[in-house]
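For reference, entry-v4.tsv (TSV, C-alpha atoms):
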chain	number	residue	atom	x	y	z
A	133	MET	CA	109.60	91.55	88.64
A	134	SER	CA	112.36	93.83	87.47
A	135	GLU	CA	112.14	97.58	87.86
A	136	ARG	CA	112.18	97.93	84.08
A	137	SER	CA	108.63	96.54	83.91
A	138	GLU	CA	107.41	99.71	85.64
A	139	VAL	CA	108.53	101.89	82.71
A	140	THR	CA	105.73	103.52	80.73
A	141	TYR	CA	106.36	103.21	77.01
A	142	GLY	CA	105.20	105.68	74.40
A	143	PRO	CA	102.92	104.97	71.44
A	144	VAL	CA	103.81	102.16	69.06
A	145	GLU	CA	105.17	103.71	65.86
A	146	VAL	CA	102.97	103.00	62.83
A	147	LEU	CA	104.25	102.68	59.26
A	148	ASP	CA	101.85	102.67	56.32
A	149	GLU	CA	103.88	100.05	54.48
A	150	VAL	CA	107.17	98.24	55.03
A	151	GLY	CA	108.84	95.12	53.73
A	152	SER	CA	109.13	93.55	57.16
A	153	THR	CA	108.66	95.14	60.58
A	154	ASN	CA	111.27	92.73	61.96
A	155	ALA	CA	113.86	93.76	59.37
A	156	GLU	CA	113.16	97.46	59.91
A	157	LEU	CA	113.34	97.20	63.69
A	158	MET	CA	116.49	95.08	63.49
A	159	SER	CA	118.19	97.90	61.59
A	160	ARG	CA	117.09	100.36	64.25
A	161	ALA	CA	118.24	98.04	67.03
A	162	LEU	CA	121.72	97.85	65.53
A	163	ALA	CA	121.69	101.66	65.42
A	164	GLY	CA	120.89	101.87	69.13
A	165	ALA	CA	117.09	101.75	69.51
A	166	PRO	CA	116.02	101.17	73.14
A	167	HIS	CA	114.43	98.22	74.88
A	168	GLY	CA	110.66	98.30	74.26
A	169	ALA	CA	110.83	100.10	70.90
A	170	ALA	CA	107.96	98.84	68.74
A	171	LEU	CA	106.82	99.15	65.14
A	172	ARG	CA	103.47	98.34	63.58
A	173	ALA	CA	102.84	98.26	59.85
A	174	ARG	CA	99.46	98.61	58.19
A	175	VAL	CA	100.80	96.47	55.33
A	176	GLN	CA	103.91	94.30	55.01
A	177	THR	CA	105.18	93.44	51.55
A	178	ALA	CA	107.76	90.87	52.66
A	179	GLY	CA	106.48	89.45	55.94
A	180	ARG	CA	108.34	86.37	57.17
A	181	GLY	CA	107.61	83.41	59.38
A	182	ARG	CA	109.71	80.55	60.70
A	183	ARG	CA	111.91	78.64	58.24
A	184	THR	CA	111.75	81.56	55.78
A	185	HIS	CA	108.04	81.01	55.14
A	186	ASN	CA	106.27	84.07	53.76
A	187	TRP	CA	103.47	85.58	55.84
A	188	ALA	CA	100.58	87.22	54.00
A	189	SER	CA	100.16	90.73	55.41
A	190	PRO	CA	97.15	92.50	53.90
A	191	GLU	CA	95.73	95.62	55.47
A	192	GLY	CA	93.59	94.92	58.52
A	193	GLY	CA	95.92	92.57	60.40
A	194	LEU	CA	98.27	93.31	63.28
A	195	TYR	CA	101.91	93.25	62.13
A	196	LEU	CA	104.03	94.20	65.09
A	197	SER	CA	107.69	93.96	66.10
A	198	ILE	CA	109.09	94.71	69.55
A	199	LEU	CA	112.71	95.16	70.56
A	200	ILE	CA	113.61	93.30	73.74
A	201	LYS	CA	116.93	93.45	75.56
A	202	PRO	CA	116.58	90.66	78.13
A	203	SER	CA	118.84	90.74	81.17
A	204	VAL	CA	119.42	86.97	81.25
A	205	PRO	CA	122.38	84.64	80.56
A	206	ASP	CA	122.81	83.57	76.95
A	207	ARG	CA	122.19	79.90	77.82
A	208	VAL	CA	118.52	80.60	78.64
A	209	LEU	CA	117.73	82.80	75.63
A	210	PRO	CA	115.87	79.92	73.89
A	211	GLY	CA	113.12	80.59	76.43
A	212	LEU	CA	112.53	84.15	75.22
A	213	PRO	CA	110.15	83.25	72.34
A	214	VAL	CA	107.96	81.33	74.78
A	215	ALA	CA	107.90	84.19	77.31
A	216	PHE	CA	106.98	86.56	74.48
A	217	ALA	CA	104.24	84.22	73.24
A	218	LEU	CA	102.76	83.99	76.73
A	219	GLY	CA	102.61	87.79	76.82
A	220	VAL	CA	100.71	87.79	73.51
A	221	VAL	CA	98.22	85.29	74.95
A	222	HIS	CA	97.80	87.45	78.07
A	223	ALA	CA	96.96	90.46	75.87
A	224	LEU	CA	94.41	88.51	73.83
A	225	VAL	CA	92.74	87.10	76.94
A	226	GLY	CA	92.72	90.64	78.30
A	227	ILE	CA	90.49	91.85	75.45
A	228	GLY	CA	88.10	88.92	75.97
A	229	CYS	CA	89.45	86.20	73.66
A	230	ALA	CA	88.64	82.61	74.67
A	231	GLY	CA	90.11	79.27	73.66
A	232	ILE	CA	93.59	80.59	72.84
A	233	LYS	CA	96.32	77.95	72.65
A	234	LEU	CA	99.98	77.81	71.65
A	235	LYS	CA	100.91	75.34	68.95
A	236	TRP	CA	104.49	74.22	69.54
A	237	PRO	CA	106.72	76.08	69.43
A	238	ASN	CA	104.75	79.35	69.46
A	239	ASP	CA	101.98	79.70	66.88
A	240	ILE	CA	98.83	81.38	68.22
A	241	ILE	CA	95.75	79.26	67.53
A	242	CYS	CA	92.14	78.88	68.59
A	243	THR	CA	89.48	76.24	68.02
A	244	ARG	CA	88.76	77.60	64.52
A	245	GLY	CA	92.35	77.66	63.30
A	246	LYS	CA	95.58	79.64	63.25
A	247	LEU	CA	95.40	83.24	64.42
A	248	GLY	CA	99.02	84.19	63.94
A	249	GLY	CA	102.68	83.41	64.16
A	250	ILE	CA	105.72	84.66	66.02
A	251	LEU	CA	109.24	85.14	64.70
A	252	VAL	CA	111.98	85.98	67.21
A	253	GLU	CA	115.39	86.98	65.86
A	254	LEU	CA	118.30	87.12	68.30
A	255	LYS	CA	121.46	89.16	67.83
A	256	HIS	CA	124.49	90.31	69.80
A	257	SER	CA	125.90	93.80	69.47
A	258	MET	CA	128.60	95.42	71.60
A	259	GLY	CA	128.49	92.42	73.93
A	260	GLU	CA	124.75	92.77	74.54
A	261	ALA	CA	122.08	90.28	73.48
A	262	PHE	CA	118.85	91.62	72.04
A	263	ALA	CA	115.88	90.22	70.19
A	264	VAL	CA	113.40	91.53	67.67
A	265	CYS	CA	110.13	89.76	68.41
A	266	GLY	CA	107.66	89.85	65.54
A	267	LEU	CA	103.96	89.01	65.60
A	268	GLY	CA	101.64	88.58	62.65
A	269	LEU	CA	98.03	88.32	63.83
A	270	ASN	CA	94.84	87.98	61.81
A	271	ILE	CA	91.99	90.15	63.08
A	272	ARG	CA	89.58	88.57	60.62
A	273	ALA	CA	90.05	85.12	59.10
A	274	VAL	CA	92.11	85.12	55.90
A	275	PRO	CA	90.91	82.28	53.61
A	276	PHE	CA	93.59	80.14	52.01
A	277	GLU	CA	93.96	76.69	50.51
A	278	PRO	CA	96.28	74.60	52.72
A	279	SER	CA	98.76	72.39	50.86
A	280	ASP	CA	98.60	69.80	53.65
A	281	PRO	CA	95.25	68.43	54.92
A	282	SER	CA	96.61	68.56	58.46
A	283	SER	CA	97.39	72.29	58.19
A	284	LEU	CA	95.19	74.55	60.26
A	285	PRO	CA	92.77	76.86	58.46
A	286	GLY	CA	93.11	80.60	58.93
A	287	ALA	CA	91.21	82.20	61.81
A	288	GLY	CA	90.94	85.70	63.23
A	289	VAL	CA	90.79	87.36	66.63
A	290	GLU	CA	87.11	88.07	65.98
A	291	ASP	CA	86.48	84.31	66.00
A	292	CYS	CA	87.59	84.16	69.65
A	293	LEU	CA	85.45	87.01	70.99
A	294	PRO	CA	81.92	86.50	72.34
A	295	ALA	CA	80.62	89.54	70.47
A	296	GLY	CA	82.40	88.54	67.27
A	297	SER	CA	84.11	91.90	66.76
A	298	VAL	CA	87.23	93.65	67.97
A	299	ASP	CA	86.35	96.75	69.98
A	300	SER	CA	89.94	97.98	70.27
A	301	ALA	CA	91.59	99.88	67.45
A	302	LEU	CA	94.74	98.29	66.09
A	303	ASP	CA	96.83	101.00	67.77
A	304	ASP	CA	95.33	100.10	71.15
A	305	LEU	CA	95.72	96.37	70.55
A	306	ALA	CA	99.35	96.83	69.48
A	307	ALA	CA	100.10	98.77	72.68
A	308	ALA	CA	98.34	96.14	74.79
A	309	VAL	CA	100.37	93.36	73.17
A	310	ARG	CA	103.60	95.33	73.55
A	311	ASP	CA	102.98	96.02	77.24
A	312	ALA	CA	101.86	92.46	78.05
A	313	ALA	CA	104.81	90.94	76.19
A	314	LEU	CA	107.35	93.14	77.99
A	315	GLU	CA	105.72	92.35	81.33
A	316	ALA	CA	105.83	88.60	80.61
A	317	VAL	CA	109.48	88.78	79.57
A	318	ASP	CA	110.37	90.74	82.71
A	319	ALA	CA	108.60	88.15	84.88
A	320	TRP	CA	110.50	85.36	83.11
A	321	ALA	CA	113.81	87.21	83.56
A	322	SER	CA	113.06	87.60	87.27
A	323	ALA	CA	112.43	83.84	87.58
A	324	ILE	CA	115.68	83.14	85.75
A	325	ASP	CA	117.55	85.47	88.10
A	326	ALA	CA	116.02	83.85	91.17
A	327	ALA	CA	117.02	80.35	89.98
A	328	GLY	CA	120.64	81.41	89.46
A	329	VAL	CA	122.94	78.70	88.09
A	330	ASP	CA	120.05	76.21	88.07
A	331	ALA	CA	118.03	78.27	85.59
A	332	GLU	CA	116.97	76.62	82.34
A	333	PRO	CA	115.32	78.34	79.35
A	334	LEU	CA	111.73	77.77	80.49
A	335	THR	CA	112.32	78.26	84.21
A	336	GLY	CA	109.31	80.03	85.68
A	337	ILE	CA	107.11	79.60	82.59
A	338	ILE	CA	107.10	75.86	81.85
A	339	ALA	CA	103.84	75.14	83.71
A	340	GLU	CA	101.86	77.87	81.96
A	341	TYR	CA	103.31	76.91	78.58
A	342	ASN	CA	102.28	73.26	79.00
A	343	GLU	CA	98.83	74.35	80.17
A	344	LEU	CA	98.38	76.34	76.95
A	345	LEU	CA	100.04	73.73	74.70
A	346	ALA	CA	97.77	72.65	71.84
A	347	TYR	CA	97.33	68.89	71.21
A	348	ARG	CA	98.83	67.90	74.54
A	349	ASP	CA	97.95	64.24	75.30
A	350	GLU	CA	96.73	63.85	71.70
A	351	ARG	CA	98.13	61.92	68.74
A	352	VAL	CA	100.40	64.02	66.57
A	353	ARG	CA	102.65	63.53	63.56
A	354	VAL	CA	106.31	64.50	63.82
A	355	SER	CA	107.94	65.30	60.49
A	356	THR	CA	110.89	67.04	58.88
A	357	PRO	CA	110.70	69.19	55.73
A	358	ASP	CA	112.81	66.68	53.80
A	359	GLY	CA	110.75	63.68	54.91
A	360	SER	CA	113.60	62.00	56.78
A	361	ILE	CA	111.38	61.79	59.87
A	362	SER	CA	107.68	61.00	59.70
A	363	LEU	CA	106.12	59.22	62.66
A	364	ASP	CA	103.13	59.34	64.96
A	365	GLY	CA	103.01	59.55	68.73
A	366	VAL	CA	101.33	61.27	71.66
A	367	LEU	CA	102.48	64.77	72.58
A	368	VAL	CA	103.27	64.55	76.29
A	369	GLY	CA	104.39	68.14	76.75
A	370	VAL	CA	107.42	70.39	76.46
A	371	ASP	CA	110.53	70.19	78.65
A	372	THR	CA	112.40	73.07	80.26
A	373	TRP	CA	114.64	73.40	77.20
A	374	GLY	CA	111.65	73.85	74.87
A	375	SER	CA	111.84	70.42	73.24
A	376	ALA	CA	108.59	68.61	72.45
A	377	GLN	CA	108.23	65.33	74.34
A	378	VAL	CA	106.49	62.70	72.20
A	379	LYS	CA	105.55	59.22	73.41
A	380	LEU	CA	106.16	56.74	70.59
A	381	ALA	CA	104.42	53.43	69.87
A	382	ASP	CA	107.01	51.46	71.89
A	383	GLY	CA	106.38	53.62	74.95
A	384	ALA	CA	109.65	55.54	74.67
A	385	ILE	CA	109.50	59.32	75.07
A	386	GLN	CA	111.56	61.17	72.47
A	387	ALA	CA	112.56	64.85	72.59
A	388	TYR	CA	112.35	66.92	69.39
A	389	ASP	CA	113.85	70.30	68.53
A	390	ALA	CA	111.56	72.89	66.89
A	391	ALA	CA	114.41	73.91	64.57
A	392	LEU	CA	114.36	70.44	63.04
A	393	VAL	CA	110.79	69.09	63.06
A	394	SER	CA	107.17	70.14	62.84
A	395	ILE	CA	104.31	68.66	64.86
A	396	ARG	CA	100.73	68.53	63.61
A	397	PRO	CA	97.63	66.73	64.84
A	398	VAL	CA	96.83	63.37	63.27
A	399	VAL	CA	93.76	63.78	61.08
Could you write out this structure as structure tokens?
Amino acid sequence: MSERSEVTYGPVEVLDEVGSTNAELMSRALAGAPHGAALRARVQTAGRGRRTHNWASPEGGLYLSILIKPSVPDRVLPGLPVAFALGVVHALVGIGCAGIKLKWPNDIICTRGKLGGILVELKHSMGEAFAVCGLGLNIRAVPFEPSDPSSLPGAGVEDCLPAGSVDSALDDLAAAVRDAALEAVDAWASAIDAAGVDAEPLTGIIAEYNELLAYRDERVRVSTPDGSISLDGVLVGVDTWGSAQVKLADGAIQAYDAALVSIRPVV
């Protein structure tokens, strides 16, 4: 693990209200904020998810963004969101959560539904790559009417705890997530460094990711937003470049890019 993982970080800054913690931290990153800087908002008015989806951010949830400056080659940066997601899972398991899985590419789910989502935004400035890694996490389930019957219902961290309640204050949970995420990213960067020219984006983390992968060895539907792809198959796993491997009806295994398709369980 890199020496940077031994750094002790200060408190996570808390804002009463902000449009988006990712947007705010991105502005600070471009102005020179350091690796490990983190913002939490009590309320977000313009929270965002993947593919420009809005993320409801009422008071009581964890809305957190962390600035990460990974010391890895650009070609492996697609692995950063997975390393970050693994860190989030480590933090949740650390407070006693059970049954946590990652829905490809990096939604946080449990047996009762979706707990949260991750949005990682990469930039280059002054020749240096950095990422703002955002997490929106429900502490209590937020009811909503899904537009698609295969969509997961909302769930909360409380649903994953034996006692049914979160003992940690949001400030403590935010710090635990921040620390676990930075540690996971540092461990990933160390594995990348050790692999040298043979490193691929998920080097060092592929086994754990596949172990946590939701719907692995189950029937899933692969689809695009415009409907140009809609087919069923069995999710075999994820490869070292982060592509979902789906076994189709003819036995062929096809790789799919998360930027292009969604995968949901067949209901």
Between A:Val368, A:Cys265, A:Leu218, A:Val274, single out the one closest to A:Gly336, counting only C-alpha atoms.
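Looking at the shortest contact to A:Gly336, the residue is A:Leu218.
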As an exercise, work out the distance from atom CA of A:Ser197 to atom CA of A:Arg396 in Å and give it to one decimal place.
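Here the two named atoms are 26.5 Å from each other.
For A:Lys255, the list of residues within 12 Å, based on all atoms listed in the file and with local chain neighbours fewer than 4 positions off taken out, reads Met158, Ser159, Ala161, Leu162, Leu199, Ile200, Lys201, Pro202, Asp206, Leu209, Gly259, Glu260, Ala261, Phe262, Ala263, Val264 and Cys265 of chain A.
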Between atom CA of A:Met258 and atom CA of A:Val204, distance in Å (one decimal)
15.8 Å
The centre and edge lengths of an axis-aligned box containing all atoms of stretch 160-169 of chain A present in the file, extended by 4 Å on each side, are to be given in Å to one decimal, as lines of an AutoDock Vina configuration file.
center_x = 116.2
center_y = 99.9
center_z = 69.6
size_x = 19.1
size_y = 12.0
size_z = 18.6
Write out as JSON lines a residue-level contact list of stretch 258-343 of chain A versus stretch 141-156 of chain A with cut-off 10 Å: for each qualifying residue the closest pair of atoms and the distance in Å to one decimal, counting only C-alpha atoms, rows sorted by chain and residue number upward.
{"residue": "A:Ala263", "atom": "CA", "partner": "A:Asn154", "partner_atom": "CA", "distance": 9.8}
{"residue": "A:Val264", "atom": "CA", "partner": "A:Asn154", "partner_atom": "CA", "distance": 6.2}
{"residue": "A:Cys265", "atom": "CA", "partner": "A:Asn154", "partner_atom": "CA", "distance": 7.2}
{"residue": "A:Gly266", "atom": "CA", "partner": "A:Asn154", "partner_atom": "CA", "distance": 5.8}
{"residue": "A:Leu267", "atom": "CA", "partner": "A:Asn154", "partner_atom": "CA", "distance": 9.0}
{"residue": "A:Gly268", "atom": "CA", "partner": "A:Thr153", "partner_atom": "CA", "distance": 9.8}
{"residue": "A:Asp303", "atom": "CA", "partner": "A:Val144", "partner_atom": "CA", "distance": 7.2}
{"residue": "A:Asp304", "atom": "CA", "partner": "A:Val144", "partner_atom": "CA", "distance": 9.0}
{"residue": "A:Ala306", "atom": "CA", "partner": "A:Val144", "partner_atom": "CA", "distance": 7.0}
{"residue": "A:Ala307", "atom": "CA", "partner": "A:Val144", "partner_atom": "CA", "distance": 6.2}
{"residue": "A:Ala308", "atom": "CA", "partner": "A:Val144", "partner_atom": "CA", "distance": 9.9}
{"residue": "A:Arg310", "atom": "CA", "partner": "A:Val144", "partner_atom": "CA", "distance": 8.2}
{"residue": "A:Asp311", "atom": "CA", "partner": "A:Tyr141", "partner_atom": "CA", "distance": 7.9}
Using all atoms listed in the file for the distances, tell me which of A:Thr243, A:Ser189, A:Thr335, A:Ser362 is nearest to A:Leu284.
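Residue with the minimum atom-to-atom distance to A:Leu284: A:Thr243.
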10 Å contact set for stretch 382-384 of chain A, all atoms listed in the file, chain neighbours under 3 positions out, as a PyMOL selection string:
chain A and resi 365-366+377-379+387
So how far away is atom CA of A:Ala217 from atom CA of A:Arg351, in Å?
23.6 Å
Using the incomplete input, complete stretch 248-267 of chain A to the level of N, CA and C atoms; output as a PDB file, in the coordinates of the input.
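Output contents, as saved in out_8.pdb:
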ATOM      1  N   GLY A 248      97.807  83.453  64.274  1.00  0.00           N
ATOM      2  CA  GLY A 248      99.020  84.190  63.940  1.00  0.00           C
ATOM      3  C   GLY A 248     100.272  83.410  64.262  1.00  0.00           C
ATOM      4  N   GLY A 249     101.383  84.017  63.921  1.00  0.00           N
ATOM      5  CA  GLY A 249     102.680  83.410  64.160  1.00  0.00           C
ATOM      6  C   GLY A 249     103.646  84.395  64.760  1.00  0.00           C
ATOM      7  N   ILE A 250     104.695  83.859  65.358  1.00  0.00           N
ATOM      8  CA  ILE A 250     105.720  84.660  66.020  1.00  0.00           C
ATOM      9  C   ILE A 250     107.076  84.313  65.435  1.00  0.00           C
ATOM     10  N   LEU A 251     107.865  85.328  65.163  1.00  0.00           N
ATOM     11  CA  LEU A 251     109.240  85.140  64.700  1.00  0.00           C
ATOM     12  C   LEU A 251     110.152  85.976  65.588  1.00  0.00           C
ATOM     13  N   VAL A 252     111.033  85.306  66.328  1.00  0.00           N
ATOM     14  CA  VAL A 252     111.980  85.980  67.210  1.00  0.00           C
ATOM     15  C   VAL A 252     113.382  85.834  66.633  1.00  0.00           C
ATOM     16  N   GLU A 253     114.047  86.972  66.425  1.00  0.00           N
ATOM     17  CA  GLU A 253     115.390  86.980  65.860  1.00  0.00           C
ATOM     18  C   GLU A 253     116.367  87.555  66.872  1.00  0.00           C
ATOM     19  N   LEU A 254     117.322  86.739  67.281  1.00  0.00           N
ATOM     20  CA  LEU A 254     118.300  87.120  68.300  1.00  0.00           C
ATOM     21  C   LEU A 254     119.591  87.609  67.665  1.00  0.00           C
ATOM     22  N   LYS A 255     120.180  88.623  68.282  1.00  0.00           N
ATOM     23  CA  LYS A 255     121.460  89.160  67.830  1.00  0.00           C
ATOM     24  C   LYS A 255     122.296  89.559  69.040  1.00  0.00           C
ATOM     25  N   HIS A 256     123.602  89.724  68.803  1.00  0.00           N
ATOM     26  CA  HIS A 256     124.490  90.310  69.800  1.00  0.00           C
ATOM     27  C   HIS A 256     125.159  91.528  69.177  1.00  0.00           C
ATOM     28  N   SER A 257     125.222  92.585  69.931  1.00  0.00           N
ATOM     29  CA  SER A 257     125.900  93.800  69.470  1.00  0.00           C
ATOM     30  C   SER A 257     126.569  94.464  70.669  1.00  0.00           C
ATOM     31  N   MET A 258     127.845  94.776  70.523  1.00  0.00           N
ATOM     32  CA  MET A 258     128.600  95.420  71.600  1.00  0.00           C
ATOM     33  C   MET A 258     128.508  94.616  72.896  1.00  0.00           C
ATOM     34  N   GLY A 259     128.526  93.288  72.762  1.00  0.00           N
ATOM     35  CA  GLY A 259     128.490  92.420  73.930  1.00  0.00           C
ATOM     36  C   GLY A 259     127.132  92.263  74.571  1.00  0.00           C
ATOM     37  N   GLU A 260     126.100  92.828  73.965  1.00  0.00           N
ATOM     38  CA  GLU A 260     124.750  92.770  74.540  1.00  0.00           C
ATOM     39  C   GLU A 260     123.833  91.960  73.619  1.00  0.00           C
ATOM     40  N   ALA A 261     123.063  91.047  74.234  1.00  0.00           N
ATOM     41  CA  ALA A 261     122.080  90.280  73.480  1.00  0.00           C
ATOM     42  C   ALA A 261     120.785  91.066  73.373  1.00  0.00           C
ATOM     43  N   PHE A 262     120.175  91.023  72.204  1.00  0.00           N
ATOM     44  CA  PHE A 262     118.850  91.620  72.040  1.00  0.00           C
ATOM     45  C   PHE A 262     118.053  90.786  71.057  1.00  0.00           C
ATOM     46  N   ALA A 263     116.760  90.990  71.070  1.00  0.00           N
ATOM     47  CA  ALA A 263     115.880  90.220  70.190  1.00  0.00           C
ATOM     48  C   ALA A 263     114.823  91.126  69.593  1.00  0.00           C
ATOM     49  N   VAL A 264     114.553  90.915  68.321  1.00  0.00           N
ATOM     50  CA  VAL A 264     113.400  91.530  67.670  1.00  0.00           C
ATOM     51  C   VAL A 264     112.320  90.457  67.612  1.00  0.00           C
ATOM     52  N   CYS A 265     111.219  90.720  68.299  1.00  0.00           N
ATOM     53  CA  CYS A 265     110.130  89.760  68.410  1.00  0.00           C
ATOM     54  C   CYS A 265     108.972  90.219  67.540  1.00  0.00           C
ATOM     55  N   GLY A 266     108.696  89.459  66.490  1.00  0.00           N
ATOM     56  CA  GLY A 266     107.660  89.850  65.540  1.00  0.00           C
ATOM     57  C   GLY A 266     106.401  89.018  65.696  1.00  0.00           C
ATOM     58  N   LEU A 267     105.267  89.671  65.520  1.00  0.00           N
ATOM     59  CA  LEU A 267     103.960  89.010  65.600  1.00  0.00           C
ATOM     60  C   LEU A 267     103.140  89.379  64.379  1.00  0.00           C
TER      61      LEU A 267
END
